[in-house]
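A.B. asks: Got a structure for you, written out below as structure tokens; questions coming shortly.
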Amino acid sequence: MTTDQPGRPALQVRDLSVTTRSGTHLLSDLTFAIADGERVGLIGESGSGKSLTALAVMGLLSESLTATGGIRVSGHERNLIGEREGALSRLRGTTMAMVFQEPMTALNPTMRVGQQVAEVLTIHRRARGAQARERAVALLDQVGLPEPAETAHAFPHQLSGGQRQRVVIAMALANDPALLVCDEPTTALDVTVQDKVLGLIVDGVEARDAALLFITHDLAVVSRVCERVLVMYGGRIVESGPVGQVFAAPRHHYTAGLVAASALTGPRGGLSAIPGTVPSAGRFPTGCVFRTRCAAATSECEIQPRWDAAGAQGWACHHPIGAS
Amino acid sequence: MGAPIIEVDRVSRVYHRARRSLTRPAPVVQALREVSLTVEAGERLGIVGESGSGKSTLLRHIAGLEQPTSGTIRFDGKDISGLSGRRLGFLRDRLQLVFQDPMGSLDPRMTVAQIVAEPLHARRVRDAAARVEEVLAAVGLPAEAAGRYPHQFSGGQRQRISIARALTVSPDVLLADEPVSALDVSVRAQVLNLISTLVDARDLTLVFVSHDLSVIRHLCDRVVVMRAGQIVEDGPTEQVWRDPQHDYTRRLIAAIPAMPADTHRSEI
Amino acid sequence: MLWRLLTRTGVLLVSLAVASVAVFATMNILPGDPAEVALGVNATEGAKAALRTEFGLDRPLPVQYADWMGGMLTFDPGISYVSKAAIGPQVLDRLLVTLWLVGAAMALAILVAVPMGTWMAVRHRHPDGVALAAVSQVGVAVPAFLVGVLFIAVFAVRLRWLPSGGWVAPADDPVEFVRHLVLPATALALVQAAVLSRYVRSAVLDVLREDYLRTARAKGLTPVGAMVRHGLRNAAIPVVTVLGLQLATLLVGAVVVEQVFTLPGLGTLLLGAVGQRDLLMVQTVVMLLVAAVLIINWLVDLVYVVLDPRLRVAR
Amino acid sequence: MTSLLRRSGLGRLNASLVLGGTLVTLVALAALVSIVWTPYPPMRVLSGVGNFDPPSGSHWFGIGFRRDIFSQVIAGAQTTLLVGVVAVGLAALVGVPLGLVAAMGPRWLSELVMRTSDLVLAFPALLLAIMLAAIYGQGRVVAMVAIGIASIPTFARVTRSGSLAVLASDFVLAARAAGRGPLGIAVRHVLPNIAGLLIVQASVAFALAILAEAALAYLGLGTPPDTPSWGRMLLEATPVLHRAPHLAIFPGLAIAISVLGFNLLGDGLRDRLDPKLLERS
């Protein structure tokens, strides 16, 4: 697996853990891979650690956090954890790119958007001067912004949220990355705008045969965008597998609860809900992270469950659904 | 069902922005344009729309928190659109609100007991302790929650506090402005269940604002769709969901990503 | 853009007018009898009456105000009650000295504060950043005149490197001009730099937390590159506001520092006038300083528009 | 020390708070003690001492113009604190209600208050004091009033921006929906939520007042010669600095320590008192 063969996945994460200075585990032993052209969703509620995973992959964790384990991207020999800042900077924006949640604040308010797009080309010496500006306009056109040449001269505050997110996507796709990381890219947008932006992302990665790591709390959005899904809770991946399979026949009780709670199809006043609330970071129980809210939990769950798999679907549960 | 309890009659609201150009006049924002709407007692009405559609603005007008530029709003036959805060006492007794942001809508410097009792204190009712305990129990919070502060609770629990506050005066009408939008999926269902149960048990009229049509479809019998300050569609929720008449409603429904377990869409 | 320029200029003109009325009223109504203030309580009624007639203090106040204001606008605000000399030329001479002092101090303060504040912010979790922040905190606590006094003791009296005070005009002898300017300007600048660096620090810290800086990193800029290309300009916006307000404190600081170094600037003129109860002189110099502050704030407001495109035009 | 400081947020803010609190307490103690006891009467010319004796066992900070410097320094704390308390009190008493009115009142009133405060900002404390001193002569009252008036605008601005942030919150909307009137909202919601902000502002304003008072005294416009004052001690020390530096060092240190104390206290409190609301404003 460690040899650099053509079949090597675009992103490979192995035993990734992130801890604070006081020793609190925010992420524990994440292992997953995304192949070229594959679209993988990472779902979980607030505090599950999904945004932190994205930042760890990009090497953008805050200084006060420590990451251990392995993160490898195609086209770069070494582990990204422990890699020098200079080398990471060269990878960001080229091999791997990211789209953030808040389009309103993700762009520099004092710089014209065309310039901001062109910059991602000039930093990596893909184009210069007038050529970069032309490419930027072309990219703005590609993401469906009307009158791209004029829009390039606009400042961010002159654009709507949806338009700004298109600019961010144009920047992310500018250098044809092998891996695109999206952190809740449509959460701040209206439904009708969300639909178009999601289409843009899917088309963008498909055209480039890029790998996609798509983070969201919305199960319906994952089904719309992704082929495979990773379910996170309490800083751990508790289940993974093809989207249809995982949502239709979840094995982990958390996934099942999430699917049921998202459906909104029960009788009024009788929606199925997961009891209790998501603990704050560092307050998750030892052993199975979900056991304090799980109806099926037993004393066995105080021990960290093993990762089980059947076909493409995997889970970490002592009492998986449909096992007995 | 029965008599109309809220009547909104051709209400418009214009906001003036600060002038920014020599040549152009100060920009105005038409937040509501000639909106008319009637809510009957005991009804569960949903208002759906995207950001800037005017749905929250409409709700605040109904609650007497803002005054329309033109048009009238009647509550139980009484015109409230010209009344100042002081003369809206009768409305406060009968209509209460739940807000979107479960943290922002609770004063961080007040205990839960003070927050929940505020509608009574504002009425100069002195002894509210028994009532506070009663409504906290009704929303599923333990009695000892009364002495604690909002930041000691999770998002879902805070929304329960917010609902408890709305119930202290035993209102007839409950207005809810995106009460579950800021909540996690697993908690959202708990709060929706609570609202639904309380509305049934206390014979409340519910006006529920949301950007999420599927939440309204679950909770409400009737829905109005708003866009750019206007109501573009009004009808029974299931009928609107299955057979939208307005072009915008159609686009709105088409844009909602389908849940994997959502069997409904595949029926169409 | 033009609209903003017009409204701000309108505000400036109204402010200047109101400020001049306030200054005039304070100096002419509060004392009861300006002549008595000028001549002392023991002055004879005849002497006071003579002074009133000589300087037109017996005229109605609005007339006196109009006379003074008209004079201000033509650089001839009147005759001093005490020295009986024209105020205009004296003030202009002194103004130049103060401008040199304040200008040099401001430039020096900015030169020190911007890199220092940025360093403090970027390294705020590291010992060097914390130490620098502590130094600036101490710097804020030391009054400029104390620094001046210490400078004189060390550099002028003990080491004899630089003169302890006085003034040489740049046209007379450029070298001596600089030698005389160094100590007072540095004394004034150091405290200012400490204050300013703390504002720069907090502005840069705010920018560091901004999403767009993370976007810049995700594009492939190094932390330093992201700060230089995207951070500094945005951090400059709040700092420029503070600069305007700081200039006001700098002008006042100059009044004190001129006293320490016996520089013939507006400050020493003003304090001398206070000592001699020369009300018209006090009134004129105060108005000049206030006008300077108001005009600087007006300029800052315009610079703002250049820095922040959000203020330029609405779409 | 550095390892403690380095542990980011918490370590640093506690250090500020603790150090600032200690320094301020020290100054307050000096002022209190000096009311009932000083080693020597601060302003009395002593016999049996030289003009500028350096610090010694019997005169801890030395002698200046045949007076005991230690006694003058601790008695000078009284002046400093008195001027600070009166000036900040005046500024808060006028500025806070004005800020509230500007936040909650009609737009024209708000504009009037803010424009006026902009204008007053153009009159720094020292300039006001100079104007008043030209008319009334030097004195502590002139200094206190001038510094107080000059600090009103900042209190008004801080109050207004803090109040606006609170008023924009959903909990104020909820309070209105619950039937609270404007006065109830101001008392029950706005003031408790901006109290922290105002305490921080008071602390910072106090530091500025100390600096302004010292400058005025140094210019001979503040405290009269018969009252102990740090600024005036510096003024008197200046001509003899090369012979007797201790005359300037101790009052200089006293000024720096008290300003540093109040600034650190303000910083520490800022981080301590509800950082969320401060961020919003």
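Labels used: A, B, ... for chains in the order of the structure tokens, numbers from 1 for residues in each chain, and numbers from 1 for ligands as shown.
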Go through segment 32-170 of chain B and collect every residue that DSSP, computed from the backbone, puts in strand (DSSP E or B); the answer should be as a PDB file with all heavy atoms, in the first residue's frame.
C.D. replies:
ATOM      1  N   LEU B  32     -42.317  43.764   2.986  1.00  0.00           N
ATOM      2  CA  LEU B  32     -43.630  43.133   2.796  1.00  0.00           C
ATOM      3  C   LEU B  32     -44.407  43.953   1.769  1.00  0.00           C
ATOM      4  O   LEU B  32     -44.401  45.180   1.826  1.00  0.00           O
ATOM      5  CB  LEU B  32     -44.416  43.107   4.119  1.00  0.00           C
ATOM      6  CG  LEU B  32     -43.847  42.250   5.262  1.00  0.00           C
ATOM      7  CD1 LEU B  32     -44.700  42.436   6.518  1.00  0.00           C
ATOM      8  CD2 LEU B  32     -43.796  40.773   4.885  1.00  0.00           C
ATOM      9  N   ARG B  33     -45.051  43.259   0.837  1.00  0.00           N
ATOM     10  CA  ARG B  33     -45.839  43.963  -0.179  1.00  0.00           C
ATOM     11  C   ARG B  33     -47.269  43.439  -0.151  1.00  0.00           C
ATOM     12  O   ARG B  33     -47.524  42.317  -0.583  1.00  0.00           O
ATOM     13  CB  ARG B  33     -45.287  43.703  -1.570  1.00  0.00           C
ATOM     14  CG  ARG B  33     -43.820  44.019  -1.751  1.00  0.00           C
ATOM     15  CD  ARG B  33     -43.340  43.287  -2.995  1.00  0.00           C
ATOM     16  NE  ARG B  33     -41.882  43.346  -3.059  1.00  0.00           N
ATOM     17  CZ  ARG B  33     -41.219  44.045  -3.984  1.00  0.00           C
ATOM     18  NH1 ARG B  33     -41.846  44.684  -4.920  1.00  0.00           N
ATOM     19  NH2 ARG B  33     -39.904  44.055  -3.964  1.00  0.00           N
ATOM     20  N   GLU B  34     -48.188  44.244   0.372  1.00  0.00           N
ATOM     21  CA  GLU B  34     -49.613  43.932   0.285  1.00  0.00           C
ATOM     22  C   GLU B  34     -49.906  42.498   0.691  1.00  0.00           C
ATOM     23  O   GLU B  34     -50.550  41.742  -0.034  1.00  0.00           O
ATOM     24  CB  GLU B  34     -50.107  44.165  -1.152  1.00  0.00           C
ATOM     25  CG  GLU B  34     -49.909  45.580  -1.640  1.00  0.00           C
ATOM     26  CD  GLU B  34     -51.148  46.432  -1.427  1.00  0.00           C
ATOM     27  OE1 GLU B  34     -52.260  45.974  -1.726  1.00  0.00           O
ATOM     28  OE2 GLU B  34     -50.986  47.577  -0.936  1.00  0.00           O
ATOM     29  N   VAL B  35     -49.422  42.105   1.852  1.00  0.00           N
ATOM     30  CA  VAL B  35     -49.641  40.729   2.305  1.00  0.00           C
ATOM     31  C   VAL B  35     -50.999  40.636   2.991  1.00  0.00           C
ATOM     32  O   VAL B  35     -51.314  41.433   3.867  1.00  0.00           O
ATOM     33  CB  VAL B  35     -48.525  40.299   3.275  1.00  0.00           C
ATOM     34  CG1 VAL B  35     -48.856  38.966   3.921  1.00  0.00           C
ATOM     35  CG2 VAL B  35     -47.199  40.231   2.542  1.00  0.00           C
ATOM     36  N   SER B  36     -51.805  39.680   2.591  1.00  0.00           N
ATOM     37  CA  SER B  36     -53.070  39.407   3.272  1.00  0.00           C
ATOM     38  C   SER B  36     -53.103  37.943   3.678  1.00  0.00           C
ATOM     39  O   SER B  36     -52.716  37.060   2.906  1.00  0.00           O
ATOM     40  CB  SER B  36     -54.262  39.703   2.355  1.00  0.00           C
ATOM     41  OG  SER B  36     -54.306  41.082   2.071  1.00  0.00           O
ATOM     42  N   LEU B  37     -53.577  37.701   4.899  1.00  0.00           N
ATOM     43  CA  LEU B  37     -53.513  36.349   5.434  1.00  0.00           C
ATOM     44  C   LEU B  37     -54.496  36.238   6.588  1.00  0.00           C
ATOM     45  O   LEU B  37     -54.613  37.157   7.399  1.00  0.00           O
ATOM     46  CB  LEU B  37     -52.086  36.089   5.941  1.00  0.00           C
ATOM     47  CG  LEU B  37     -51.770  34.753   6.606  1.00  0.00           C
ATOM     48  CD1 LEU B  37     -51.833  33.639   5.579  1.00  0.00           C
ATOM     49  CD2 LEU B  37     -50.391  34.805   7.243  1.00  0.00           C
ATOM     50  N   THR B  38     -55.226  35.140   6.642  1.00  0.00           N
ATOM     51  CA  THR B  38     -56.116  34.921   7.774  1.00  0.00           C
ATOM     52  C   THR B  38     -55.761  33.600   8.433  1.00  0.00           C
ATOM     53  O   THR B  38     -55.563  32.591   7.758  1.00  0.00           O
ATOM     54  CB  THR B  38     -57.589  34.882   7.310  1.00  0.00           C
ATOM     55  OG1 THR B  38     -57.863  36.095   6.603  1.00  0.00           O
ATOM     56  CG2 THR B  38     -58.524  34.759   8.490  1.00  0.00           C
ATOM     57  N   VAL B  39     -55.642  33.615   9.751  1.00  0.00           N
ATOM     58  CA  VAL B  39     -55.368  32.382  10.491  1.00  0.00           C
ATOM     59  C   VAL B  39     -56.561  32.114  11.384  1.00  0.00           C
ATOM     60  O   VAL B  39     -57.009  32.985  12.125  1.00  0.00           O
ATOM     61  CB  VAL B  39     -54.096  32.528  11.356  1.00  0.00           C
ATOM     62  CG1 VAL B  39     -53.765  31.204  12.017  1.00  0.00           C
ATOM     63  CG2 VAL B  39     -52.926  33.025  10.520  1.00  0.00           C
ATOM     64  N   GLU B  40     -57.088  30.906  11.300  1.00  0.00           N
ATOM     65  CA  GLU B  40     -58.242  30.570  12.135  1.00  0.00           C
ATOM     66  C   GLU B  40     -57.778  29.963  13.448  1.00  0.00           C
ATOM     67  O   GLU B  40     -56.714  29.350  13.514  1.00  0.00           O
ATOM     68  CB  GLU B  40     -59.159  29.582  11.390  1.00  0.00           C
ATOM     69  CG  GLU B  40     -59.871  30.255  10.242  1.00  0.00           C
ATOM     70  CD  GLU B  40     -60.740  29.274   9.452  1.00  0.00           C
ATOM     71  OE1 GLU B  40     -60.737  28.071   9.791  1.00  0.00           O
ATOM     72  OE2 GLU B  40     -61.390  29.726   8.505  1.00  0.00           O
ATOM     73  N   ARG B  44     -52.959  25.088  12.345  1.00  0.00           N
ATOM     74  CA  ARG B  44     -51.493  24.995  12.332  1.00  0.00           C
ATOM     75  C   ARG B  44     -51.025  25.486  10.969  1.00  0.00           C
ATOM     76  O   ARG B  44     -51.137  24.777   9.979  1.00  0.00           O
ATOM     77  CB  ARG B  44     -51.053  23.548  12.495  1.00  0.00           C
ATOM     78  CG  ARG B  44     -51.279  22.962  13.867  1.00  0.00           C
ATOM     79  CD  ARG B  44     -51.132  21.457  13.773  1.00  0.00           C
ATOM     80  NE  ARG B  44     -50.930  20.866  15.085  1.00  0.00           N
ATOM     81  CZ  ARG B  44     -49.946  20.026  15.384  1.00  0.00           C
ATOM     82  NH1 ARG B  44     -49.082  19.665  14.457  1.00  0.00           N
ATOM     83  NH2 ARG B  44     -49.842  19.530  16.593  1.00  0.00           N
ATOM     84  N   LEU B  45     -50.514  26.714  10.964  1.00  0.00           N
ATOM     85  CA  LEU B  45     -50.120  27.318   9.702  1.00  0.00           C
ATOM     86  C   LEU B  45     -48.600  27.378   9.597  1.00  0.00           C
ATOM     87  O   LEU B  45     -47.920  27.785  10.537  1.00  0.00           O
ATOM     88  CB  LEU B  45     -50.698  28.742   9.615  1.00  0.00           C
ATOM     89  CG  LEU B  45     -50.188  29.568   8.420  1.00  0.00           C
ATOM     90  CD1 LEU B  45     -50.827  29.087   7.129  1.00  0.00           C
ATOM     91  CD2 LEU B  45     -50.444  31.046   8.627  1.00  0.00           C
ATOM     92  N   GLY B  46     -48.078  26.995   8.453  1.00  0.00           N
ATOM     93  CA  GLY B  46     -46.649  27.126   8.207  1.00  0.00           C
ATOM     94  C   GLY B  46     -46.391  28.265   7.239  1.00  0.00           C
ATOM     95  O   GLY B  46     -47.157  28.473   6.307  1.00  0.00           O
ATOM     96  N   ILE B  47     -45.342  29.023   7.464  1.00  0.00           N
ATOM     97  CA  ILE B  47     -44.919  30.035   6.493  1.00  0.00           C
ATOM     98  C   ILE B  47     -43.535  29.625   6.010  1.00  0.00           C
ATOM     99  O   ILE B  47     -42.603  29.534   6.809  1.00  0.00           O
ATOM    100  CB  ILE B  47     -44.863  31.444   7.122  1.00  0.00           C
ATOM    101  CG1 ILE B  47     -46.224  31.810   7.726  1.00  0.00           C
ATOM    102  CG2 ILE B  47     -44.441  32.475   6.088  1.00  0.00           C
ATOM    103  CD1 ILE B  47     -46.243  33.171   8.406  1.00  0.00           C
ATOM    104  N   VAL B  48     -43.395  29.373   4.721  1.00  0.00           N
ATOM    105  CA  VAL B  48     -42.109  28.936   4.199  1.00  0.00           C
ATOM    106  C   VAL B  48     -41.569  29.977   3.228  1.00  0.00           C
ATOM    107  O   VAL B  48     -42.341  30.682   2.570  1.00  0.00           O
ATOM    108  CB  VAL B  48     -42.220  27.542   3.525  1.00  0.00           C
ATOM    109  CG1 VAL B  48     -42.938  27.639   2.187  1.00  0.00           C
ATOM    110  CG2 VAL B  48     -40.841  26.902   3.350  1.00  0.00           C
ATOM    111  N   SER B  70     -48.227  50.263   5.801  1.00  0.00           N
ATOM    112  CA  SER B  70     -49.641  50.418   5.470  1.00  0.00           C
ATOM    113  C   SER B  70     -50.342  49.082   5.663  1.00  0.00           C
ATOM    114  O   SER B  70     -49.697  48.044   5.770  1.00  0.00           O
ATOM    115  CB  SER B  70     -49.812  50.899   4.028  1.00  0.00           C
ATOM    116  OG  SER B  70     -49.364  49.893   3.145  1.00  0.00           O
ATOM    117  N   GLY B  71     -51.676  49.128   5.742  1.00  0.00           N
ATOM    118  CA  GLY B  71     -52.442  47.912   5.969  1.00  0.00           C
ATOM    119  C   GLY B  71     -52.760  47.743   7.444  1.00  0.00           C
ATOM    120  O   GLY B  71     -52.267  48.482   8.293  1.00  0.00           O
ATOM    121  N   THR B  72     -53.596  46.750   7.748  1.00  0.00           N
ATOM    122  CA  THR B  72     -53.986  46.535   9.142  1.00  0.00           C
ATOM    123  C   THR B  72     -53.778  45.080   9.539  1.00  0.00           C
ATOM    124  O   THR B  72     -53.808  44.175   8.713  1.00  0.00           O
ATOM    125  CB  THR B  72     -55.474  46.883   9.382  1.00  0.00           C
ATOM    126  OG1 THR B  72     -56.254  46.120   8.457  1.00  0.00           O
ATOM    127  CG2 THR B  72     -55.733  48.358   9.205  1.00  0.00           C
ATOM    128  N   ILE B  73     -53.551  44.885  10.824  1.00  0.00           N
ATOM    129  CA  ILE B  73     -53.455  43.545  11.390  1.00  0.00           C
ATOM    130  C   ILE B  73     -54.436  43.492  12.555  1.00  0.00           C
ATOM    131  O   ILE B  73     -54.406  44.348  13.441  1.00  0.00           O
ATOM    132  CB  ILE B  73     -52.027  43.266  11.899  1.00  0.00           C
ATOM    133  CG1 ILE B  73     -51.029  43.363  10.747  1.00  0.00           C
ATOM    134  CG2 ILE B  73     -51.956  41.889  12.545  1.00  0.00           C
ATOM    135  CD1 ILE B  73     -49.587  43.431  11.192  1.00  0.00           C
ATOM    136  N   ARG B  74     -55.333  42.526  12.526  1.00  0.00           N
ATOM    137  CA  ARG B  74     -56.283  42.375  13.624  1.00  0.00           C
ATOM    138  C   ARG B  74     -56.020  41.075  14.355  1.00  0.00           C
ATOM    139  O   ARG B  74     -55.764  40.043  13.746  1.00  0.00           O
ATOM    140  CB  ARG B  74     -57.723  42.417  13.096  1.00  0.00           C
ATOM    141  CG  ARG B  74     -58.237  43.826  12.859  1.00  0.00           C
ATOM    142  CD  ARG B  74     -59.698  43.826  12.470  1.00  0.00           C
ATOM    143  NE  ARG B  74     -59.916  43.131  11.203  1.00  0.00           N
ATOM    144  CZ  ARG B  74     -59.724  43.680  10.009  1.00  0.00           C
ATOM    145  NH1 ARG B  74     -59.337  44.944   9.916  1.00  0.00           N
ATOM    146  NH2 ARG B  74     -59.940  42.983   8.914  1.00  0.00           N
ATOM    147  N   PHE B  75     -56.089  41.163  15.694  1.00  0.00           N
ATOM    148  CA  PHE B  75     -56.010  39.956  16.502  1.00  0.00           C
ATOM    149  C   PHE B  75     -57.332  39.789  17.211  1.00  0.00           C
ATOM    150  O   PHE B  75     -57.759  40.665  17.960  1.00  0.00           O
ATOM    151  CB  PHE B  75     -54.867  40.068  17.526  1.00  0.00           C
ATOM    152  CG  PHE B  75     -54.705  38.813  18.352  1.00  0.00           C
ATOM    153  CD1 PHE B  75     -53.951  37.752  17.880  1.00  0.00           C
ATOM    154  CD2 PHE B  75     -55.343  38.690  19.577  1.00  0.00           C
ATOM    155  CE1 PHE B  75     -53.828  36.595  18.625  1.00  0.00           C
ATOM    156  CE2 PHE B  75     -55.210  37.525  20.318  1.00  0.00           C
ATOM    157  CZ  PHE B  75     -54.448  36.470  19.843  1.00  0.00           C
ATOM    158  N   LYS B  78     -59.495  42.724  16.951  1.00  0.00           N
ATOM    159  CA  LYS B  78     -59.026  44.032  17.422  1.00  0.00           C
ATOM    160  C   LYS B  78     -57.791  44.465  16.627  1.00  0.00           C
ATOM    161  O   LYS B  78     -56.853  43.679  16.479  1.00  0.00           O
ATOM    162  CB  LYS B  78     -58.685  43.913  18.913  1.00  0.00           C
ATOM    163  CG  LYS B  78     -58.557  45.257  19.586  1.00  0.00           C
ATOM    164  CD  LYS B  78     -58.552  45.087  21.096  1.00  0.00           C
ATOM    165  CE  LYS B  78     -58.216  46.411  21.761  1.00  0.00           C
ATOM    166  NZ  LYS B  78     -58.076  46.273  23.209  1.00  0.00           N
ATOM    167  N   ASP B  79     -57.842  45.703  16.144  1.00  0.00           N
ATOM    168  CA  ASP B  79     -56.734  46.210  15.326  1.00  0.00           C
ATOM    169  C   ASP B  79     -55.506  46.449  16.207  1.00  0.00           C
ATOM    170  O   ASP B  79     -55.570  47.197  17.177  1.00  0.00           O
ATOM    171  CB  ASP B  79     -57.175  47.525  14.663  1.00  0.00           C
ATOM    172  CG  ASP B  79     -56.146  48.004  13.632  1.00  0.00           C
ATOM    173  OD1 ASP B  79     -55.065  47.380  13.543  1.00  0.00           O
ATOM    174  OD2 ASP B  79     -56.446  48.983  12.919  1.00  0.00           O
ATOM    175  N   LEU B  95     -50.749  35.761  22.913  1.00  0.00           N
ATOM    176  CA  LEU B  95     -49.894  35.347  21.807  1.00  0.00           C
ATOM    177  C   LEU B  95     -48.448  35.400  22.263  1.00  0.00           C
ATOM    178  O   LEU B  95     -47.993  36.406  22.799  1.00  0.00           O
ATOM    179  CB  LEU B  95     -50.140  36.294  20.629  1.00  0.00           C
ATOM    180  CG  LEU B  95     -49.300  36.158  19.365  1.00  0.00           C
ATOM    181  CD1 LEU B  95     -50.159  36.552  18.163  1.00  0.00           C
ATOM    182  CD2 LEU B  95     -48.074  37.030  19.405  1.00  0.00           C
ATOM    183  N   GLN B  96     -47.710  34.327  22.074  1.00  0.00           N
ATOM    184  CA  GLN B  96     -46.311  34.302  22.488  1.00  0.00           C
ATOM    185  C   GLN B  96     -45.429  33.732  21.390  1.00  0.00           C
ATOM    186  O   GLN B  96     -45.915  33.097  20.455  1.00  0.00           O
ATOM    187  CB  GLN B  96     -46.155  33.493  23.779  1.00  0.00           C
ATOM    188  CG  GLN B  96     -46.567  34.261  25.028  1.00  0.00           C
ATOM    189  CD  GLN B  96     -45.633  35.415  25.347  1.00  0.00           C
ATOM    190  OE1 GLN B  96     -44.419  35.287  25.249  1.00  0.00           O
ATOM    191  NE2 GLN B  96     -46.196  36.550  25.729  1.00  0.00           N
ATOM    192  N   LEU B  97     -44.126  33.972  21.537  1.00  0.00           N
ATOM    193  CA  LEU B  97     -43.178  33.663  20.465  1.00  0.00           C
ATOM    194  C   LEU B  97     -42.061  32.727  20.908  1.00  0.00           C
ATOM    195  O   LEU B  97     -41.619  32.787  22.054  1.00  0.00           O
ATOM    196  CB  LEU B  97     -42.482  34.953  20.036  1.00  0.00           C
ATOM    197  CG  LEU B  97     -43.080  35.809  18.949  1.00  0.00           C
ATOM    198  CD1 LEU B  97     -42.702  37.237  19.214  1.00  0.00           C
ATOM    199  CD2 LEU B  97     -42.534  35.397  17.599  1.00  0.00           C
ATOM    200  N   VAL B  98     -41.576  31.934  19.970  1.00  0.00           N
ATOM    201  CA  VAL B  98     -40.343  31.166  20.160  1.00  0.00           C
ATOM    202  C   VAL B  98     -39.395  31.548  19.026  1.00  0.00           C
ATOM    203  O   VAL B  98     -39.822  31.650  17.875  1.00  0.00           O
ATOM    204  CB  VAL B  98     -40.607  29.647  20.122  1.00  0.00           C
ATOM    205  CG1 VAL B  98     -39.309  28.871  20.280  1.00  0.00           C
ATOM    206  CG2 VAL B  98     -41.590  29.254  21.209  1.00  0.00           C
TER     207      VAL B  98
END
A.B. asks: What's around His157 of chain A at 12 Å? Count only C-alpha atoms, leave out sequence neighbours fewer than 4 positions away in its own chain, and write the answer as a count of residues only.
C.D. replies: 25
A.B. asks: Let me make sure I understand: among B:Thr69, B:Pro257, B:Gln157, B:Pro236, which one has the smallest atom-to-atom distance to Asp212 of chain B if we use only C-alpha atoms?
C.D. replies: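 Nearest candidate to Asp212 of chain B out of B:Thr69, B:Pro257, B:Gln157, B:Pro236: B:Pro257.
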A.B. asks: Counting only C-alpha atoms, what is within 10 Å of segment 267-273 of chain A, bar same-chain residues fewer than 2 positions away, as a PyMOL selection string?
C.D. replies: (chain A and resi 257-265+275-276) or (chain B and resi 185-200+218-220)
A.B. asks: Could you write out, as a ChimeraX atom specification, all the residues of segment 89-193 of chain B that DSSP marks as helix (DSSP H, G or I)?
C.D. replies: /B:89-94,112-122,129-138,143-147,150-152,155-167,185-193
A.B. asks: Please identify all residues of chain A having at least one atom at most 9 Å from any atom of chain C, considering only C-alpha atoms, and return them as a ChimeraX atom specification.
C.D. replies: /A:58-60,63-64,85-86,88-94,96-100,102,105-111,116,119-120,123-124,155-159,168,171-172
A.B. asks: Do you know which residues are at most 8 Å from segment 101-103 of chain B counting only C-alpha atoms, after dropping those on the same chain fewer than 5 positions away, and could you put them as a list in words?
C.D. replies: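 Once the nearby chain positions are removed, what remains is Pro150, His151, Gly155, Gly156, Arg158, Gln159, Ser162, Pro179 and Ala182 of chain B; Asp170 of chain D.
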A.B. asks: Tell me, as a ChimeraX atom specification, which residues lie within 7 Å of Gly282 of chain A, counting only C-alpha atoms; anything in the same chain fewer than 4 positions away does not count.
C.D. replies: /A:24-26
A.B. asks: Please produce a file of the residues just selected, as a PDB file, in the first residue's frame, where the atoms kept are N, CA, C and O atoms.
C.D. replies:
ATOM      1  N   THR A  24      -7.057  16.491  25.607  1.00  0.00           N
ATOM      2  CA  THR A  24      -8.382  16.045  25.183  1.00  0.00           C
ATOM      3  C   THR A  24      -8.320  15.547  23.741  1.00  0.00           C
ATOM      4  O   THR A  24      -7.776  16.230  22.872  1.00  0.00           O
ATOM      5  N   HIS A  25      -8.881  14.350  23.512  1.00  0.00           N
ATOM      6  CA  HIS A  25      -8.926  13.807  22.151  1.00  0.00           C
ATOM      7  C   HIS A  25     -10.106  14.400  21.410  1.00  0.00           C
ATOM      8  O   HIS A  25     -11.243  14.214  21.813  1.00  0.00           O
ATOM      9  N   LEU A  26      -9.829  15.109  20.318  1.00  0.00           N
ATOM     10  CA  LEU A  26     -10.921  15.646  19.509  1.00  0.00           C
ATOM     11  C   LEU A  26     -11.224  14.714  18.343  1.00  0.00           C
ATOM     12  O   LEU A  26     -12.365  14.577  17.930  1.00  0.00           O
TER      13      LEU A  26
END
A.B. asks: If we count only C-alpha atoms and set the cut-off at 8 Å, which residues sit around Gly165 of chain C, ignoring sequence neighbours fewer than 5 positions away in its own chain? Please answer as a list in words.
C.D. replies: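 Residues meeting the cut-off are His180, Val260, Phe261, Thr262 and Leu263 of chain C.
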